[in-house]
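Structure first, commentary second.
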Amino acid sequence: MTRLWPFSLIPLMLLLLGSNAPTDPPTDAKGTRALKREFRAVWVATFHNIDWPKSKGMNTAAQKREFLALLKRQKANGMNAVVVQVRPSGDALYPSRLAPWSEYLTGIQGKPPSYDPLAFMIEAAHEENMEFHAWFNPFRAISHVSFSSVAPYNIAKKRPDWTFKYGQRIYLNPGKPQVRKYLTNVIAEVVNKYDIDGIHFDDYFYPYPKDGEVLDDSKTFLQYREAGQDVHAWRRSNIDAFISSVSDTIRKNKPHVKFGISPVGVWRNARQDARGPRVRSTFSSYDVLHADVRKWLEKGWIDYVAPQLYFNMNHPTADYSVLVPWWARNSFGKHVYIGQAMFKVKDPQSASWRDPFELPRQLKFNLRYPQVKGSIFYSASSFNGNPHSVESVLRRDRYKYPALVPSMSWKDSIPPLAPQSLKGKNFDDGTIGLTWDAPEPAEDGQQAHYYVIYRFGKEEAIDMEAPAYILGITRKTHFIDANPRPETDYTYVVTAVDRLHNESKSVAAAFLSSHTKPPVTAPIERTRTVDSDVGSFKKTVPYYKQ
């Protein structure tokens, strides 16, 4: 935020606080303490225009306005990340040499929009200090053989020998090494070209079974199977090889980019495998979709898992209260983000989901397990209408305070250096301004990515693990405390945080004697334009008048 600084200097004391990087805060038995670190995200589905854009063929300005409104709403809900579908079905929401433009943008696959949607969305998310995870559906090539718009250079058209038909869809065949290499290159193109924070796959690997349909990959099986493999073990080995390849590619090109998978909620039943949860689900990722997600966690191929636990508490065959602790126990030191069924809150199909306390009860239950580092809600449009007052619950209670994204020590454990030269300034309108200098790069070469500003009253203890004291989070090196209380002394603490959310071990603090001006009135909103490489954003900022 650019601002002139006609100020009087405030008495200032520069301190260094803390010798260790902050850790995730403890919670009591009821999970009542707010978490300082928690992944809070929504899935934004572009497939069939579920969440964004609302319809095919919207003009560029309308698409941008709609996405910015989506971000603003979810930021107000307390979210710190979005997971956006950028490859719904053999296509791309970005200019690609490997896939045609998505029909969900312009209505015709291969027809380009007048801008780069992915670049725009990443820039907009980062402007809100939200992570952007690029969500791919890798193997679906044509969503419907009769109704999909298909460009001539869709890979399914160019290489029909790489595909098989199942139901009304065309899939890329995971059993072919050429397919796995092609899809790894699809991921590498985005990783190398865009400033994304994560790569995300959902639950679609081999197709969901359909009555009366036979998945015919027998020729590929006979060509590529290893001795002793049955078809199911072979299919799992194909998906294993793909996940391992993508993992290696991400780490080779941009080690800070995270890799996450969102499988169906049940890995295997205990009756099939003693390592599985004690549920009675007839559907599992391991046996049906040939996705051994537990193995990927154990091998360290992925950084987080977001199981789709779209079940209610005490569900007769897939009890939420059984599955959450199972995933926590089987995380192998990686992060677990629970996939929450916001769509069932929006459109309840059972008495359990008509209970307005079902989702809040689940979010509270998650706090019992330290391995559970957050939630992803499916999906963004399910929040429309504030069903069961979920948005109100998040804003006033569960997500009342901001949260930092949890750090991943296996990717980066070195915190940045502390900000330097913190200064405070009184303005004539009663606000207090802070400025500081960015620190030098840390020993691993990483720079500060953003800053966290805390505010403590004169008599309050410095508690860096209580998010209630977080006044703001910014990527700039200045900040305005827009509404300090008159005749109150504050200690302001500013920390630096790196790309993977390690917070500085030592922090700069300033003791500021507050102004003695009368209380300020409610803010008048003023809108200004912020220019970026991918377009202009309208940003509303508060202006306080005496």
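We label chains A, B, ... in the order they appear in the structure tokens, count residues from 1 in each chain, and number ligands from 1 in the order shown.
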
Hey, what does DSSP flag as alpha helix (DSSP H) within stretch 221-296 of chain A? Can you give it to me as a ChimeraX atom specification? /A:221-224,231-253,293-296

Applying 12 Å and only C-alpha atoms, which residues near A:Tyr208 remain after dropping the ones on its own chain fewer than 6 positions away? List them as a list in words.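 Counting only C-alpha atoms, the residues come to Arg140, Tyr166, Gly167, Arg169, Tyr171, Val214, Leu215, Val264, Phe283, Ser284, Ser285, Asp287, Val288, Leu289, His290 and Ala291 of chain A.
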
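Contact shell of A:Arg37 at 7 Å (only C-alpha atoms; same-chain neighbours under 3 positions omitted): Asp24, Ala403, Leu404, Val405 and Pro406 of chain A.
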
Exercise: stretch 293-300 of chain A partners within 8 Å, only C-alpha atoms, chain neighbours under 4 positions left out, as a list in words: Asp240, Ile243, Ile261, Pro263, Trp267, Ser285, Tyr286, Tyr304, Val305, Asn330, Ser331, Phe332 and Lys334 of chain A

How about saving the chosen residues, all heavy atoms kept, as a JSON list (two decimals), in the first residue's frame?
```json
[["chain", "number", "residue", "atom", "x", "y", "z"],
["A", 240, "ASP", "N", 1.57, -46.25, -9.56],
["A", 240, "ASP", "CA", 2.76, -46.02, -8.73],
["A", 240, "ASP", "C", 3.87, -45.36, -9.54],
["A", 240, "ASP", "O", 4.50, -44.39, -9.10],
["A", 240, "ASP", "CB", 3.29, -47.34, -8.15],
["A", 240, "ASP", "CG", 2.45, -47.90, -7.03],
["A", 240, "ASP", "OD1", 1.55, -47.20, -6.54],
["A", 240, "ASP", "OD2", 2.70, -49.07, -6.65],
["A", 243, "ILE", "N", 3.01, -41.65, -10.31],
["A", 243, "ILE", "CA", 3.13, -40.78, -9.14],
["A", 243, "ILE", "C", 4.60, -40.55, -8.80],
["A", 243, "ILE", "O", 5.02, -39.42, -8.51],
["A", 243, "ILE", "CB", 2.37, -41.36, -7.94],
["A", 243, "ILE", "CG1", 0.87, -41.44, -8.23],
["A", 243, "ILE", "CG2", 2.63, -40.53, -6.68],
["A", 243, "ILE", "CD1", 0.20, -40.12, -8.50],
["A", 261, "ILE", "N", -2.40, -35.41, -3.11],
["A", 261, "ILE", "CA", -3.39, -36.30, -3.72],
["A", 261, "ILE", "C", -4.66, -36.25, -2.87],
["A", 261, "ILE", "O", -4.60, -36.24, -1.64],
["A", 261, "ILE", "CB", -2.90, -37.75, -3.77],
["A", 261, "ILE", "CG1", -1.54, -37.85, -4.50],
["A", 261, "ILE", "CG2", -3.94, -38.66, -4.44],
["A", 261, "ILE", "CD1", -1.60, -37.65, -5.98],
["A", 263, "PRO", "N", -7.61, -38.68, -2.54],
["A", 263, "PRO", "CA", -8.24, -39.95, -2.90],
["A", 263, "PRO", "C", -9.64, -40.07, -2.30],
["A", 263, "PRO", "O", -10.06, -39.26, -1.48],
["A", 263, "PRO", "CB", -7.31, -40.98, -2.26],
["A", 263, "PRO", "CG", -6.85, -40.29, -1.00],
["A", 263, "PRO", "CD", -6.72, -38.83, -1.38],
["A", 267, "TRP", "N", -9.00, -46.25, 2.02],
["A", 267, "TRP", "CA", -7.88, -46.88, 1.32],
["A", 267, "TRP", "C", -8.21, -48.35, 1.05],
["A", 267, "TRP", "O", -8.28, -48.79, -0.09],
["A", 267, "TRP", "CB", -6.61, -46.74, 2.15],
["A", 267, "TRP", "CG", -5.44, -47.52, 1.63],
["A", 267, "TRP", "CD1", -4.73, -47.26, 0.49],
["A", 267, "TRP", "CD2", -4.86, -48.70, 2.21],
["A", 267, "TRP", "NE1", -3.74, -48.20, 0.32],
["A", 267, "TRP", "CE2", -3.79, -49.09, 1.37],
["A", 267, "TRP", "CE3", -5.12, -49.45, 3.35],
["A", 267, "TRP", "CZ2", -3.00, -50.21, 1.64],
["A", 267, "TRP", "CZ3", -4.34, -50.56, 3.63],
["A", 267, "TRP", "CH2", -3.29, -50.94, 2.78],
["A", 285, "SER", "N", -9.90, -46.94, -2.72],
["A", 285, "SER", "CA", -8.98, -46.43, -3.74],
["A", 285, "SER", "C", -8.02, -47.53, -4.19],
["A", 285, "SER", "O", -7.68, -47.62, -5.37],
["A", 285, "SER", "CB", -8.20, -45.23, -3.21],
["A", 285, "SER", "OG", -7.37, -45.59, -2.13],
["A", 286, "TYR", "N", -7.58, -48.38, -3.29],
["A", 286, "TYR", "CA", -6.60, -49.41, -3.60],
["A", 286, "TYR", "C", -7.18, -50.45, -4.54],
["A", 286, "TYR", "O", -6.56, -50.80, -5.56],
["A", 286, "TYR", "CB", -6.15, -50.08, -2.29],
["A", 286, "TYR", "CG", -5.11, -51.16, -2.43],
["A", 286, "TYR", "CD1", -3.76, -50.88, -2.25],
["A", 286, "TYR", "CD2", -5.47, -52.48, -2.73],
["A", 286, "TYR", "CE1", -2.80, -51.88, -2.36],
["A", 286, "TYR", "CE2", -4.53, -53.48, -2.85],
["A", 286, "TYR", "CZ", -3.19, -53.18, -2.66],
["A", 286, "TYR", "OH", -2.26, -54.16, -2.78],
["A", 304, "TYR", "N", 1.27, -34.23, 0.81],
["A", 304, "TYR", "CA", 0.05, -34.22, 1.61],
["A", 304, "TYR", "C", -1.00, -35.10, 0.97],
["A", 304, "TYR", "O", -0.96, -35.39, -0.24],
["A", 304, "TYR", "CB", -0.49, -32.79, 1.79],
["A", 304, "TYR", "CG", -1.05, -32.11, 0.57],
["A", 304, "TYR", "CD1", -2.38, -32.30, 0.17],
["A", 304, "TYR", "CD2", -0.28, -31.22, -0.18],
["A", 304, "TYR", "CE1", -2.90, -31.64, -0.93],
["A", 304, "TYR", "CE2", -0.79, -30.57, -1.28],
["A", 304, "TYR", "CZ", -2.11, -30.79, -1.66],
["A", 304, "TYR", "OH", -2.62, -30.14, -2.77],
["A", 305, "VAL", "N", -1.93, -35.56, 1.79],
["A", 305, "VAL", "CA", -3.07, -36.32, 1.33],
["A", 305, "VAL", "C", -4.32, -35.62, 1.82],
["A", 305, "VAL", "O", -4.36, -35.12, 2.95],
["A", 305, "VAL", "CB", -3.02, -37.78, 1.81],
["A", 305, "VAL", "CG1", -3.09, -37.87, 3.33],
["A", 305, "VAL", "CG2", -4.11, -38.61, 1.17],
["A", 330, "ASN", "N", -1.72, -43.10, 9.58],
["A", 330, "ASN", "CA", -1.04, -43.60, 8.39],
["A", 330, "ASN", "C", -0.52, -42.46, 7.50],
["A", 330, "ASN", "O", -0.39, -42.63, 6.29],
["A", 330, "ASN", "CB", -1.99, -44.49, 7.59],
["A", 330, "ASN", "CG", -2.24, -45.82, 8.27],
["A", 330, "ASN", "OD1", -1.50, -46.78, 8.09],
["A", 330, "ASN", "ND2", -3.29, -45.87, 9.09],
["A", 331, "SER", "N", -0.19, -41.35, 8.12],
["A", 331, "SER", "CA", 0.30, -40.21, 7.35],
["A", 331, "SER", "C", 1.81, -40.26, 7.10],
["A", 331, "SER", "O", 2.31, -39.53, 6.24],
["A", 331, "SER", "CB", -0.03, -38.91, 8.08],
["A", 331, "SER", "OG", 0.60, -38.86, 9.35],
["A", 332, "PHE", "N", 2.53, -41.08, 7.87],
["A", 332, "PHE", "CA", 3.97, -41.24, 7.71],
["A", 332, "PHE", "C", 4.71, -39.91, 7.74],
["A", 332, "PHE", "O", 5.66, -39.68, 6.98],
["A", 332, "PHE", "CB", 4.30, -42.01, 6.42],
["A", 332, "PHE", "CG", 3.78, -43.43, 6.43],
["A", 332, "PHE", "CD1", 2.57, -43.75, 5.83],
["A", 332, "PHE", "CD2", 4.49, -44.44, 7.07],
["A", 332, "PHE", "CE1", 2.07, -45.04, 5.84],
["A", 332, "PHE", "CE2", 4.00, -45.74, 7.09],
["A", 332, "PHE", "CZ", 2.80, -46.05, 6.48],
["A", 334, "LYS", "N", 3.71, -37.01, 6.85],
["A", 334, "LYS", "CA", 3.26, -36.01, 5.87],
["A", 334, "LYS", "C", 1.95, -35.39, 6.37],
["A", 334, "LYS", "O", 1.37, -35.82, 7.35],
["A", 334, "LYS", "CB", 3.09, -36.64, 4.49],
["A", 334, "LYS", "CG", 4.38, -37.27, 3.95],
["A", 334, "LYS", "CD", 5.49, -36.25, 3.86],
["A", 334, "LYS", "CE", 6.74, -36.80, 3.20],
["A", 334, "LYS", "NZ", 7.51, -37.71, 4.07]]
```

Let's see if you can do this: from backbone DSSP, list all strand (DSSP E or B) residues in stretch 243-372 of chain A, as number ranges by chain. A: 258-261, 264, 304-305, 308, 335-340, 372

Tell me which protein, DNA and RNA residues are within 8 Å of stretch 184-190 of chain A, counting only C-alpha atoms, leaving out same-chain ones fewer than 6 positions away, and put them as a PDB file with N, CA and C atoms, in the first residue's frame.
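Once written, around_11.pdb looks like this:
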```pdb
ATOM      1  N   SER A  96      -0.832 -23.988 -23.775  1.00  0.00           N
ATOM      2  CA  SER A  96      -0.018 -25.191 -23.637  1.00  0.00           C
ATOM      3  C   SER A  96       0.383 -25.728 -25.001  1.00  0.00           C
ATOM      4  N   LEU A  98       0.975 -28.859 -25.172  1.00  0.00           N
ATOM      5  CA  LEU A  98       0.655 -30.270 -25.016  1.00  0.00           C
ATOM      6  C   LEU A  98      -0.840 -30.561 -24.952  1.00  0.00           C
ATOM      7  N   ILE A 199       0.985 -28.918  -6.805  1.00  0.00           N
ATOM      8  CA  ILE A 199       0.352 -29.751  -7.831  1.00  0.00           C
ATOM      9  C   ILE A 199      -0.591 -30.696  -7.109  1.00  0.00           C
ATOM     10  N   PHE A 242       3.682 -43.629 -12.250  1.00  0.00           N
ATOM     11  CA  PHE A 242       3.325 -42.266 -12.642  1.00  0.00           C
ATOM     12  C   PHE A 242       3.509 -41.297 -11.484  1.00  0.00           C
ATOM     13  N   SER A 245       7.126 -40.688 -10.842  1.00  0.00           N
ATOM     14  CA  SER A 245       7.720 -39.858 -11.887  1.00  0.00           C
ATOM     15  C   SER A 245       7.360 -38.390 -11.697  1.00  0.00           C
ATOM     16  N   VAL A 246       6.089 -38.102 -11.409  1.00  0.00           N
ATOM     17  CA  VAL A 246       5.673 -36.721 -11.188  1.00  0.00           C
ATOM     18  C   VAL A 246       6.388 -36.135  -9.977  1.00  0.00           C
ATOM     19  N   THR A 249       9.920 -35.262 -10.852  1.00  0.00           N
ATOM     20  CA  THR A 249       9.965 -34.118 -11.761  1.00  0.00           C
ATOM     21  C   THR A 249       9.756 -32.810 -11.019  1.00  0.00           C
ATOM     22  N   ILE A 250       8.786 -32.792 -10.111  1.00  0.00           N
ATOM     23  CA  ILE A 250       8.537 -31.577  -9.332  1.00  0.00           C
ATOM     24  C   ILE A 250       9.764 -31.221  -8.507  1.00  0.00           C
ATOM     25  N   ASN A 253      12.684 -29.838 -10.618  1.00  0.00           N
ATOM     26  CA  ASN A 253      12.491 -28.530 -11.242  1.00  0.00           C
ATOM     27  C   ASN A 253      12.240 -27.412 -10.238  1.00  0.00           C
TER      28      ASN A 253
END
```

Closest contacts (stretch 324-397 of chain A/stretch 268-277 of chain A, max 12 Å, only C-alpha atoms) as a Markdown table:
```
| residue | atom | partner | partner_atom | distance |
| --- | --- | --- | --- | --- |
| A:Val324 | CA | A:Pro277 | CA | 9.7 |
| A:Pro325 | CA | A:Pro277 | CA | 9.0 |
| A:Trp326 | CA | A:Pro277 | CA | 6.0 |
| A:Trp327 | CA | A:Pro277 | CA | 8.7 |
| A:Ala328 | CA | A:Pro277 | CA | 11.3 |
| A:Arg329 | CA | A:Pro277 | CA | 10.2 |
| A:Asn330 | CA | A:Arg275 | CA | 9.1 |
```

For N, CA and C atoms, I'd like the residues from the last selection saved as an mmCIF file, in the first residue's frame.
```
data_model
loop_
_atom_site.group_PDB
_atom_site.id
_atom_site.type_symbol
_atom_site.label_atom_id
_atom_site.label_comp_id
_atom_site.auth_asym_id
_atom_site.auth_seq_id
_atom_site.Cartn_x
_atom_site.Cartn_y
_atom_site.Cartn_z
ATOM 1 N N VAL A 324 -10.933 -40.528 10.067
ATOM 2 C CA VAL A 324 -9.990 -39.449 10.381
ATOM 3 C C VAL A 324 -8.788 -39.968 11.170
ATOM 4 N N PRO A 325 -9.001 -40.700 12.281
ATOM 5 C CA PRO A 325 -7.826 -41.203 13.007
ATOM 6 C C PRO A 325 -7.009 -42.208 12.204
ATOM 7 N N TRP A 326 -7.664 -42.961 11.307
ATOM 8 C CA TRP A 326 -6.883 -43.899 10.495
ATOM 9 C C TRP A 326 -5.920 -43.141 9.587
ATOM 10 N N TRP A 327 -6.408 -42.112 8.897
ATOM 11 C CA TRP A 327 -5.511 -41.335 8.036
ATOM 12 C C TRP A 327 -4.435 -40.639 8.864
ATOM 13 N N ALA A 328 -4.767 -40.196 10.054
ATOM 14 C CA ALA A 328 -3.771 -39.568 10.924
ATOM 15 C C ALA A 328 -2.663 -40.563 11.277
ATOM 16 N N ARG A 329 -3.038 -41.793 11.593
ATOM 17 C CA ARG A 329 -2.046 -42.817 11.962
ATOM 18 C C ARG A 329 -1.212 -43.261 10.767
ATOM 19 N N ASN A 330 -1.723 -43.101 9.583
ATOM 20 C CA ASN A 330 -1.039 -43.596 8.392
ATOM 21 C C ASN A 330 -0.520 -42.465 7.503
#
```

Which distance in Å separates atom CA of A:Tyr451 and atom CA of A:Ser504, to one decimal?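 Straight-line distance from atom CA of A:Tyr451 to atom CA of A:Ser504 works out to 9.5 Å.
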
Stretch 483-494 of chain A environment, 6 Å, only C-alpha atoms, sequence neighbours closer than 3 positions dropped, as JSON, numbers by chain: {"A": [452, 453, 454, 455, 456, 457, 458, 508, 509, 510, 511, 512, 513, 514, 516]}

Could the residues in this selection be saved with C-alpha atoms as a tab-separated table (two decimals), in the first residue's frame?
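Heads up, here's the output in out_19.tsv:
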```tsv
chain	number	residue	atom	x	y	z
A	452	VAL	CA	3.21	-11.44	9.93
A	453	ILE	CA	2.35	-8.48	12.15
A	454	TYR	CA	1.32	-9.12	15.75
A	455	ARG	CA	-0.03	-6.55	18.21
A	456	PHE	CA	0.07	-6.84	21.99
A	457	GLY	CA	-1.22	-4.49	24.64
A	458	LYS	CA	1.19	-3.04	27.19
A	508	ALA	CA	11.72	-7.48	15.57
A	509	ALA	CA	9.46	-5.64	18.01
A	510	ALA	CA	8.68	-1.99	18.65
A	511	PHE	CA	7.14	-0.40	21.74
A	512	LEU	CA	4.99	2.46	20.55
A	513	SER	CA	3.28	5.11	22.62
A	514	SER	CA	-0.08	5.49	20.96
A	516	THR	CA	-4.02	10.69	22.08
```

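Taking only C-alpha atoms into account, A:Lys423 lies nearest to A:Thr435 out of the set A:Gln362, A:Thr435, A:Ser382, A:Asn129.
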
Rounded to one decimal, what separation in Å do you get between atom CA of A:Gly90 and atom CA of A:Tyr153?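 Straight-line distance from atom CA of A:Gly90 to atom CA of A:Tyr153 works out to 10.4 Å.
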
What's around A:Ala448 at 10 Å? Count only C-alpha atoms, leave out sequence neighbours fewer than 6 positions away in its own chain, and write the answer as a VMD selection string. chain A and resid 415 to 419 438 to 442 475 495 to 499 501 to 504
